[in-house]
Every structure is written in structure tokens, then in C-alpha cells.
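Data block for model_10.cif (mmCIF, C-alpha atoms):
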data_upload
#
loop_
_atom_site.group_PDB
_atom_site.id
_atom_site.type_symbol
_atom_site.label_atom_id
_atom_site.label_comp_id
_atom_site.auth_asym_id
_atom_site.auth_seq_id
_atom_site.Cartn_x
_atom_site.Cartn_y
_atom_site.Cartn_z
ATOM 1 C CA MET A 226 40.657 4.216 50.212
ATOM 2 C CA ASN A 227 43.284 6.630 48.907
ATOM 3 C CA ASP A 228 42.333 10.220 48.155
ATOM 4 C CA ASN A 229 41.876 11.336 44.572
ATOM 5 C CA ILE A 230 43.681 14.379 43.201
ATOM 6 C CA GLU A 231 40.759 16.672 43.972
ATOM 7 C CA GLN A 232 40.791 15.605 47.618
ATOM 8 C CA GLN A 233 44.566 16.023 47.806
ATOM 9 C CA VAL A 234 44.299 19.705 46.928
ATOM 10 C CA MET A 235 43.408 21.821 49.948
ATOM 11 C CA ARG A 236 42.632 25.501 49.503
ATOM 12 C CA GLY A 237 45.816 27.495 50.029
ATOM 13 C CA MET A 238 45.695 30.760 51.935
ATOM 14 C CA GLY A 239 47.306 32.810 49.148
ATOM 15 C CA THR A 240 48.457 36.140 50.502
ATOM 16 C CA GLN A 241 46.449 35.818 53.711
ATOM 17 C CA SER A 242 48.729 35.728 56.723
ATOM 18 C CA GLN A 243 48.369 32.710 58.980
ATOM 19 C CA PRO A 244 50.390 31.914 62.128
ATOM 20 C CA THR A 245 51.574 28.542 60.785
ATOM 21 C CA GLN A 246 51.891 29.450 57.112
ATOM 22 C CA LYS A 247 54.290 31.714 55.305
ATOM 23 C CA SER A 248 52.634 34.591 53.454
ATOM 24 C CA PHE A 249 53.294 34.737 49.705
ATOM 25 C CA PRO A 250 52.717 37.593 47.242
ATOM 26 C CA PHE A 251 50.824 35.180 44.976
ATOM 27 C CA ALA A 252 48.070 32.577 45.195
ATOM 28 C CA THR A 253 49.059 29.174 46.579
ATOM 29 C CA GLU A 254 47.597 25.750 47.233
ATOM 30 C CA LEU A 255 48.451 23.068 49.757
ATOM 31 C CA ILE A 256 48.970 19.632 48.205
ATOM 32 C CA THR A 257 48.973 16.308 50.038
ATOM 33 C CA LEU A 258 51.870 14.115 48.865
ATOM 34 C CA PRO A 259 51.291 10.445 47.904
ATOM 35 C CA SER A 260 54.182 9.452 50.190
ATOM 36 C CA LYS A 261 52.557 11.325 53.102
ATOM 37 C CA GLY A 262 56.105 12.364 53.924
ATOM 38 C CA LEU A 263 57.058 8.861 55.077
ATOM 39 C CA GLY A 264 59.943 8.555 52.603
ATOM 40 C CA TYR A 265 61.862 11.590 53.844
ATOM 41 C CA PRO A 266 64.082 12.237 56.890
ATOM 42 C CA GLU A 267 62.218 13.704 59.835
ATOM 43 C CA SER A 268 64.374 16.825 59.488
ATOM 44 C CA SER A 269 63.062 17.406 55.958
ATOM 45 C CA ALA A 270 60.343 19.979 55.295
ATOM 46 C CA LEU A 271 58.690 17.266 53.187
ATOM 47 C CA ALA A 272 58.279 14.927 56.165
ATOM 48 C CA LYS A 273 54.962 16.525 57.095
ATOM 49 C CA GLY A 274 53.445 15.032 53.945
ATOM 50 C CA GLU A 275 52.146 18.179 52.281
ATOM 51 C CA ILE A 276 53.631 20.981 50.248
ATOM 52 C CA THR A 277 52.705 24.528 49.282
ATOM 53 C CA ILE A 278 52.784 25.251 45.561
ATOM 54 C CA LYS A 279 52.258 28.396 43.541
ATOM 55 C CA LEU A 280 49.348 28.611 41.128
ATOM 56 C CA LEU A 281 50.364 29.179 37.511
ATOM 57 C CA THR A 282 50.719 32.781 36.377
ATOM 58 C CA ALA A 283 52.047 34.557 33.290
ATOM 59 C CA LYS A 284 55.551 33.823 34.590
ATOM 60 C CA GLU A 285 54.932 30.090 34.322
ATOM 61 C CA GLU A 286 53.308 30.598 30.919
ATOM 62 C CA ASP A 287 56.634 32.029 29.769
ATOM 63 C CA ILE A 288 58.251 28.784 30.893
ATOM 64 C CA LEU A 289 55.667 26.577 29.201
ATOM 65 C CA THR A 290 55.988 28.397 25.879
ATOM 66 C CA SER A 291 59.775 28.814 25.859
ATOM 67 C CA THR A 292 61.078 27.239 22.647
ATOM 68 C CA THR A 293 64.517 26.907 24.221
ATOM 69 C CA LEU A 294 63.200 24.885 27.170
ATOM 70 C CA ILE A 295 60.969 22.811 24.898
ATOM 71 C CA ARG A 296 63.899 22.019 22.624
ATOM 72 C CA LYS A 297 66.021 20.976 25.604
ATOM 73 C CA GLY A 298 63.157 18.949 27.131
ATOM 74 C CA ALA A 299 63.521 20.983 30.313
ATOM 75 C CA THR A 300 60.080 22.591 30.453
ATOM 76 C CA LEU A 301 58.604 20.537 33.289
ATOM 77 C CA ASP A 302 61.837 20.679 35.283
ATOM 78 C CA ARG A 303 61.877 24.476 35.147
ATOM 79 C CA LEU A 304 58.148 24.621 35.867
ATOM 80 C CA LEU A 305 58.611 22.507 38.988
ATOM 81 C CA GLU A 306 61.342 24.848 40.228
ATOM 82 C CA SER A 307 58.992 27.785 39.753
ATOM 83 C CA ILE A 308 55.907 26.389 41.481
ATOM 84 C CA VAL A 309 57.481 24.676 44.511
ATOM 85 C CA VAL A 310 57.589 27.525 47.020
ATOM 86 C CA GLU A 311 57.506 25.550 50.269
ATOM 87 C CA PRO A 312 60.210 27.010 52.553
ATOM 88 C CA GLY A 313 63.173 24.672 52.935
ATOM 89 C CA VAL A 314 62.201 22.391 50.050
ATOM 90 C CA ASN A 315 64.547 21.664 47.165
ATOM 91 C CA PRO A 316 62.531 20.260 44.221
ATOM 92 C CA SER A 317 65.395 17.836 43.550
ATOM 93 C CA ASP A 318 64.598 16.073 46.843
ATOM 94 C CA LEU A 319 61.050 15.181 45.799
ATOM 95 C CA LEU A 320 60.317 11.508 45.270
ATOM 96 C CA ILE A 321 59.168 10.928 41.699
ATOM 97 C CA GLY A 322 55.633 9.985 42.743
ATOM 98 C CA ASP A 323 55.294 13.138 44.823
ATOM 99 C CA LYS A 324 56.563 15.199 41.895
ATOM 100 C CA ASN A 325 53.952 13.580 39.645
ATOM 101 C CA ALA A 326 51.174 14.456 42.082
ATOM 102 C CA ILE A 327 52.302 18.085 42.202
ATOM 103 C CA LEU A 328 52.324 18.364 38.417
ATOM 104 C CA VAL A 329 48.898 16.729 38.042
ATOM 105 C CA ALA A 330 47.374 18.933 40.742
ATOM 106 C CA THR A 331 48.952 21.998 39.153
ATOM 107 C CA ARG A 332 47.479 21.085 35.792
ATOM 108 C CA VAL A 333 44.002 20.561 37.288
ATOM 109 C CA LEU A 334 44.149 23.867 39.157
ATOM 110 C CA ALA A 335 45.296 25.781 36.079
ATOM 111 C CA TYR A 336 43.130 24.339 33.326
ATOM 112 C CA GLY A 337 40.432 22.319 35.058
ATOM 113 C CA PRO A 338 40.137 18.542 35.456
ATOM 114 C CA VAL A 339 39.247 17.595 31.864
ATOM 115 C CA TYR A 340 42.215 16.419 29.820
ATOM 116 C CA LYS A 341 41.435 15.771 26.151
ATOM 117 C CA VAL A 342 43.643 13.062 24.673
ATOM 118 C CA THR A 343 43.683 10.663 21.765
ATOM 119 C CA ILE A 344 44.251 7.002 22.578
ATOM 120 C CA THR A 345 44.414 3.881 20.446
ATOM 121 C CA ASP A 346 41.537 1.485 21.053
ATOM 122 C CA PRO A 347 43.113 -1.769 22.340
ATOM 123 C CA ASP A 348 40.882 -3.999 20.196
ATOM 124 C CA GLU A 349 40.199 -2.031 17.030
ATOM 125 C CA ARG A 350 43.580 -0.239 16.966
ATOM 126 C CA GLU A 351 41.771 2.914 15.913
ATOM 127 C CA PRO A 352 42.389 6.412 17.374
ATOM 128 C CA VAL A 353 39.708 7.579 19.814
ATOM 129 C CA ASP A 354 39.342 11.024 21.382
ATOM 130 C CA VAL A 355 38.552 10.802 25.086
ATOM 131 C CA ASP A 356 38.075 13.230 27.973
ATOM 132 C CA VAL A 357 39.915 12.113 31.091
ATOM 133 C CA ASP A 358 38.840 13.582 34.427
ATOM 134 C CA MET A 359 42.250 14.096 36.003
ATOM 135 C CA ALA A 360 40.692 15.121 39.323
ATOM 136 C CA THR A 361 39.427 11.568 39.825
ATOM 137 C CA LEU A 362 42.883 10.022 39.590
ATOM 138 C CA SER A 363 43.882 8.577 42.947
ATOM 139 C CA THR A 364 47.114 7.680 44.656
ATOM 140 C CA LYS A 365 48.406 4.137 44.346
ATOM 141 C CA GLU A 366 47.490 1.607 46.983
ATOM 142 C CA ILE A 367 50.731 0.637 48.729
ATOM 143 C CA ASP A 368 51.790 -0.772 52.074
ATOM 144 C CA GLU A 369 52.948 2.431 53.766
ATOM 145 C CA THR A 370 54.692 0.458 56.520
ATOM 146 C CA LYS A 371 57.358 -0.500 53.961
ATOM 147 C CA LEU A 372 58.465 3.116 53.529
ATOM 148 C CA ASN A 373 61.316 4.432 55.644
ATOM 149 C CA ARG A 374 62.917 7.796 56.227
ATOM 150 C CA ASN A 375 66.392 6.674 55.134
ATOM 151 C CA ASN A 376 65.162 5.813 51.640
ATOM 152 C CA GLU A 377 67.105 2.552 51.731
ATOM 153 C CA TYR A 378 65.379 -0.759 51.097
ATOM 154 C CA ASP A 379 66.556 -4.378 51.213
ATOM 155 C CA PHE A 380 65.783 -6.952 48.536
ATOM 156 C CA LEU A 381 67.046 -10.470 47.892
ATOM 157 C CA LEU A 382 67.354 -11.106 44.167
ATOM 158 C CA PRO A 383 65.482 -14.398 43.649
ATOM 159 C CA LYS A 384 67.499 -15.798 40.737
ATOM 160 C CA SER A 385 71.066 -15.155 41.935
ATOM 161 C CA ASN A 386 70.217 -15.039 45.642
ATOM 162 C CA THR A 387 72.158 -11.769 45.877
ATOM 163 C CA PRO A 388 71.233 -9.261 48.616
ATOM 164 C CA VAL A 389 70.954 -5.664 47.425
ATOM 165 C CA LYS A 390 69.870 -2.321 48.806
ATOM 166 C CA PHE A 391 68.060 0.213 46.645
ATOM 167 C CA LYS A 392 66.506 3.659 46.872
ATOM 168 C CA LEU A 393 63.363 5.245 45.483
ATOM 169 C CA LEU A 394 64.369 7.789 42.862
ATOM 170 C CA THR A 395 64.002 11.511 43.404
ATOM 171 C CA HIS A 396 63.556 14.288 40.889
ATOM 172 C CA GLY A 397 67.271 15.040 41.306
ATOM 173 C CA ASP A 398 68.118 11.432 40.470
ATOM 174 C CA GLU A 399 66.026 11.646 37.303
ATOM 175 C CA LEU A 400 67.867 14.786 36.222
ATOM 176 C CA ALA A 401 71.212 13.058 36.773
ATOM 177 C CA ILE A 402 70.075 9.940 34.916
ATOM 178 C CA ASN A 403 68.918 11.950 31.916
ATOM 179 C CA LYS A 404 72.209 13.838 31.856
ATOM 180 C CA ASP A 405 74.203 10.584 31.953
ATOM 181 C CA ILE A 406 72.073 9.054 29.191
ATOM 182 C CA GLU A 407 72.518 12.108 26.988
ATOM 183 C CA ALA A 408 76.299 12.049 27.498
ATOM 184 C CA SER A 409 76.433 8.331 26.738
ATOM 185 C CA GLU A 410 74.452 8.713 23.532
ATOM 186 C CA LYS A 411 76.863 11.390 22.356
ATOM 187 C CA THR A 412 79.993 9.353 23.073
ATOM 188 C CA LEU A 413 78.856 5.744 22.560
ATOM 189 C CA LYS A 414 76.174 6.494 19.947
ATOM 190 C CA GLN A 415 73.762 4.196 21.778
ATOM 191 C CA SER A 416 71.331 4.327 24.679
ATOM 192 C CA ASN A 417 72.219 2.816 28.052
ATOM 193 C CA GLU A 418 69.085 3.939 29.869
ATOM 194 C CA VAL A 419 68.419 0.633 31.647
ATOM 195 C CA THR A 420 71.886 0.211 33.140
ATOM 196 C CA THR A 421 72.202 3.921 33.926
ATOM 197 C CA ARG A 422 68.932 3.833 35.847
ATOM 198 C CA TRP A 423 69.859 0.699 37.793
ATOM 199 C CA ARG A 424 73.234 2.176 38.775
ATOM 200 C CA ARG A 425 71.359 5.061 40.353
ATOM 201 C CA ILE A 426 68.672 2.900 42.032
ATOM 202 C CA ILE A 427 70.921 0.173 43.477
ATOM 203 C CA ILE A 428 73.090 1.545 46.268
ATOM 204 C CA GLU A 429 74.574 -1.670 47.658
ATOM 205 C CA VAL A 430 75.352 -5.192 46.406
ATOM 206 C CA ASN A 431 76.508 -7.961 48.740
ATOM 207 C CA GLY A 432 77.244 -5.313 51.374
ATOM 208 C CA ASN A 433 79.480 -3.376 48.977
ATOM 209 C CA ARG A 434 78.680 0.266 48.192
ATOM 210 C CA ASP A 435 81.580 0.949 45.852
ATOM 211 C CA LEU A 436 80.185 2.576 42.697
ATOM 212 C CA GLY A 437 82.571 0.641 40.454
ATOM 213 C CA TYR A 438 81.520 -2.644 42.027
ATOM 214 C CA ILE A 439 77.834 -1.818 41.599
ATOM 215 C CA SER A 440 78.373 -0.694 37.999
ATOM 216 C CA ASN A 441 80.167 -3.939 37.142
ATOM 217 C CA PHE A 442 77.415 -5.966 38.792
ATOM 218 C CA VAL A 443 74.681 -4.170 36.847
ATOM 219 C CA ALA A 444 76.483 -4.562 33.524
ATOM 220 C CA ASN A 445 77.699 -8.142 33.877
ATOM 221 C CA GLN A 446 75.873 -10.038 36.629
ATOM 222 C CA PHE A 447 72.409 -8.518 37.017
ATOM 223 C CA GLN A 448 70.275 -11.190 35.366
ATOM 224 C CA ILE A 449 67.049 -10.237 33.620
ATOM 225 C CA GLN A 450 64.913 -12.378 35.973
ATOM 226 C CA ASP A 451 66.354 -10.491 38.942
ATOM 227 C CA SER A 452 65.944 -7.166 37.182
ATOM 228 C CA ARG A 453 62.260 -7.851 36.553
ATOM 229 C CA ALA A 454 61.685 -9.023 40.125
ATOM 230 C CA LEU A 455 63.313 -5.938 41.613
ATOM 231 C CA ARG A 456 61.468 -3.622 39.237
ATOM 232 C CA LYS A 457 58.164 -5.231 40.234
ATOM 233 C CA TYR A 458 58.898 -4.871 43.950
ATOM 234 C CA ILE A 459 59.920 -1.235 43.560
ATOM 235 C CA GLY A 460 56.649 -0.569 41.755
ATOM 236 C CA GLU A 461 54.727 -2.164 44.606
ATOM 237 C CA ILE A 462 56.194 0.084 47.309
ATOM 238 C CA THR A 463 56.564 3.336 45.349
ATOM 239 C CA PRO A 464 54.050 6.049 46.342
ATOM 240 C CA ASP A 465 52.694 7.686 43.212
ATOM 241 C CA VAL A 466 49.632 8.801 41.291
ATOM 242 C CA ASP A 467 47.630 5.951 39.784
ATOM 243 C CA PHE A 468 47.450 7.114 36.170
ATOM 244 C CA ASN A 469 44.919 4.467 35.137
ATOM 245 C CA PHE A 470 41.460 5.583 34.027
ATOM 246 C CA GLU A 471 38.371 3.662 32.967
ATOM 247 C CA TYR A 472 38.074 3.570 29.188
ATOM 248 C CA THR A 473 34.856 2.516 27.455
ATOM 249 C CA SER A 474 35.362 1.382 23.880
ATOM 250 C CA PRO A 475 32.963 3.103 21.437
ATOM 251 C CA PHE A 476 33.294 0.038 19.214
ATOM 252 C CA THR A 477 32.556 -2.787 21.650
ATOM 253 C CA GLY A 478 31.216 -1.060 24.759
ATOM 254 C CA GLU A 479 33.821 -2.944 26.787
ATOM 255 C CA LYS A 480 35.444 -1.180 29.742
ATOM 256 C CA GLU A 481 39.056 -1.515 30.777
ATOM 257 C CA ALA A 482 41.711 0.370 32.688
ATOM 258 C CA LEU A 483 44.150 2.290 30.506
ATOM 259 C CA ARG A 484 47.029 4.548 31.449
ATOM 260 C CA VAL A 485 46.600 8.260 30.806
ATOM 261 C CA PRO A 486 48.940 9.223 27.960
ATOM 262 C CA ILE A 487 50.748 12.420 28.934
ATOM 263 C CA ALA A 488 51.055 14.333 25.656
ATOM 264 C CA ALA A 489 52.872 17.552 24.764
ATOM 265 C CA ASP A 490 49.782 19.668 25.476
ATOM 266 C CA PHE A 491 49.342 18.381 29.029
ATOM 267 C CA PHE A 492 50.317 21.795 30.387
ATOM 268 C CA TYR A 493 49.268 23.842 27.417
ATOM 269 C CA PRO A 494 45.893 22.767 26.032
ATOM 270 C CA THR A 495 45.259 23.884 22.480
ATOM 271 C CA ASP A 496 41.596 24.744 23.025
#
Could I get this file's structure written as C-alpha cells?
Amino acid sequence: MNDNIEQQVMRGMGTQSQPTQKSFPFATELITLPSKGLGYPESSALAKGEITIKLLTAKEEDILTSTTLIRKGATLDRLLESIVVEPGVNPSDLLIGDKNAILVATRVLAYGPVYKVTITDPDEREPVDVDVDMATLSTKEIDETKLNRNNEYDFLLPKSNTPVKFKLLTHGDELAINKDIEASEKTLKQSNEVTTRWRRIIIEVNGNRDLGYISNFVANQFQIQDSRALRKYIGEITPDVDFNFEYTSPFTGEKEALRVPIAADFFYPTD
């Protein structure tokens, strides 16, 4: 069984000097990554499967309350840069699922495990206030043998029978995607999020790695059936936090798994 968030957080040594750990002038924690380091090159500092992060201080509170960063939608990006203090680690290299685990663990350590959110009851369509215990969230169950240190994966598109290679996105990829989408919306006055994301994920088509060739394939030949199949497979092998929690309807008493809605106050609770 995969560890939950609480089990993934191991007490950091803070400013205490240890032979195998760098001493920091602030409190730290050691976080186990969902990927266990299996998706990174062996030369990467992330390959060991755990990362040292800084606990939130007044400096990070400045980041969380910055109106400029909030307006730009860059709050979490800047926060990540501030809390990742592992020597040799560039936050941009983090796989998205590992980044998610770091942010969830950081939130739990800073404000406690209870996350108060309002969800819409699936049956009654009425708003319901719930307390989600974020510490009980676990990592996704995946076949870890499918991960590789090159971050290149083969897939045969079932509809067109086209062989492709793809990568699991990193935090740096997400930043680039968002920048491309923003530029496109300014020039074309429309969103191209789906195609922009696929052009970053797919790195080879029919043995061809030319970016123009891949872009043309995504725009003109990538059929929806193939897109859905590839998206499903990527979801199956992507290490990440399982954001589902057990919801009990106050109207019917029925239980079902719902996804935790990450609202604006995730890192800055109002109470």
C-alpha cells in the first residue's frame, strides 16, 4: 500500500548538523516523492526519491499575500522556488506529481491537515462544507516498473496505429505551456491549451523528432480517440498524489470518492 502524505513527511533536522545532510539556517523537512526518484536520471539529486524543503516562514507569507504574484497567477510557482532547498535541485526539473506532493506536504506542515472546502453534492447539487484530512491523502497506485530515468515512453496510438514517444511533464514544462497559452490568447484571441500541451508531451512521431512535424501531427492528424487513449495511459503511469477523498452526503448518507477542490485559500486559510 502506498504511503499517505503524513507518512511521506519525515522529520527534518532543521539547523542540526548531520554528516549526510546539509545544515540550513531554518527549519526543514524531508519529503518522500511519489516517483521515488525513478523518473529522473541517476545523476540527478532527485534520483534518491526524497527532497528537503523549507518550512513556511514570514518570507513565504510575503509571497502568498503578494497582490502582484496573485494577479499574475505566479504565487505557487514562486512559493515552490522558495521552499525547495535541496542542494542541486532545480524546481523546474520536478515531475508534476512530485511537485504536487511537495505543495500538499507543505500545506499540511504549515496549517495542519484539515482543509475546509465547499463542494457541490453530486446528487442534490447543493453546496456542502466539508473538512478534508489532507494528511490521509495517499500516492497513486502505479506500476513503478514502467518508469524510466530517460523520461521517454513508447505508445502505439490504437486508432491510427502510429508509434509515438512521450514524456511526463515537469514543473518547467508547465511554466512553458502556460506562457505559450498566454501568448496565443493574446495574438489569436482563443485558447489552444490542448494542442499546446500535446506538443510539449509528445516528443516523437513515427521516429521523427522535428518540432514542426510533431506540431503538424498534433494539429491535423492526432485523432480524438488516440488522444483519449494516450491521455489515459499517461494517467496510469504518472506518479502523483491521489486527490480523491471519501465524501459522505448529508442528504442521502451515500459515500463516494470525490476529488479535493484546490481553492484560492489552499495556502492561506481564512480562519
Query - Residues in the PyMOL selection byres ((chain A and resi 283-289) around 7), expressed as a list of chain:residue names - result: A:Leu281, A:Thr282, A:Thr290, A:Ser291, A:Thr300, A:Leu304
Query raised in the report: A:Pro266, A:Pro259, A:Gly298, A:Gly322: which is nearest Glu377 (chain A), counting all atoms listed in the file?
Result: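 Comparing A:Pro266, A:Pro259, A:Gly298, A:Gly322 against Glu377 (chain A), the winner is A:Pro266.
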Requested in this report: Please identify all polymer residues within 10 Å of region 417-423 of chain A, counting all atoms listed in the file, omitting same-chain residues fewer than 3 positions from it, and present them as a VMD selection string.
Outcome: chain A and resid 391 394 398 to 399 401 to 403 405 to 407 409 to 410 413 to 414 426 to 428 439 to 440 443 to 444 447 452 456
Requested in this report: State, in Å with one decimal place, the distance from CA of Arg296 (chain A) to CA of Thr331 (chain A).
Outcome: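 It comes out at 22.3 Å.
Candidate residues A:Tyr438, A:Tyr265, A:Phe492, A:Tyr378 were compared for distance to Asp318 (chain A), and the nearest is A:Tyr265, using all atoms listed in the file.
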Query raised in the report: What does the PyMOL selection byres ((chain A and resi 464-467) around 12) select in this file, as a PyMOL selection string?
Result: chain A and resi 227-230+233+257-264+274+319-330+359-373+393-395+459-463+468-471+482-485
Query raised in the report: Can you tell me how far CA of Asn441 (chain A) sits from CA of Lys411 (chain A), in Å to one decimal?
Result: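 It comes out at 21.6 Å.
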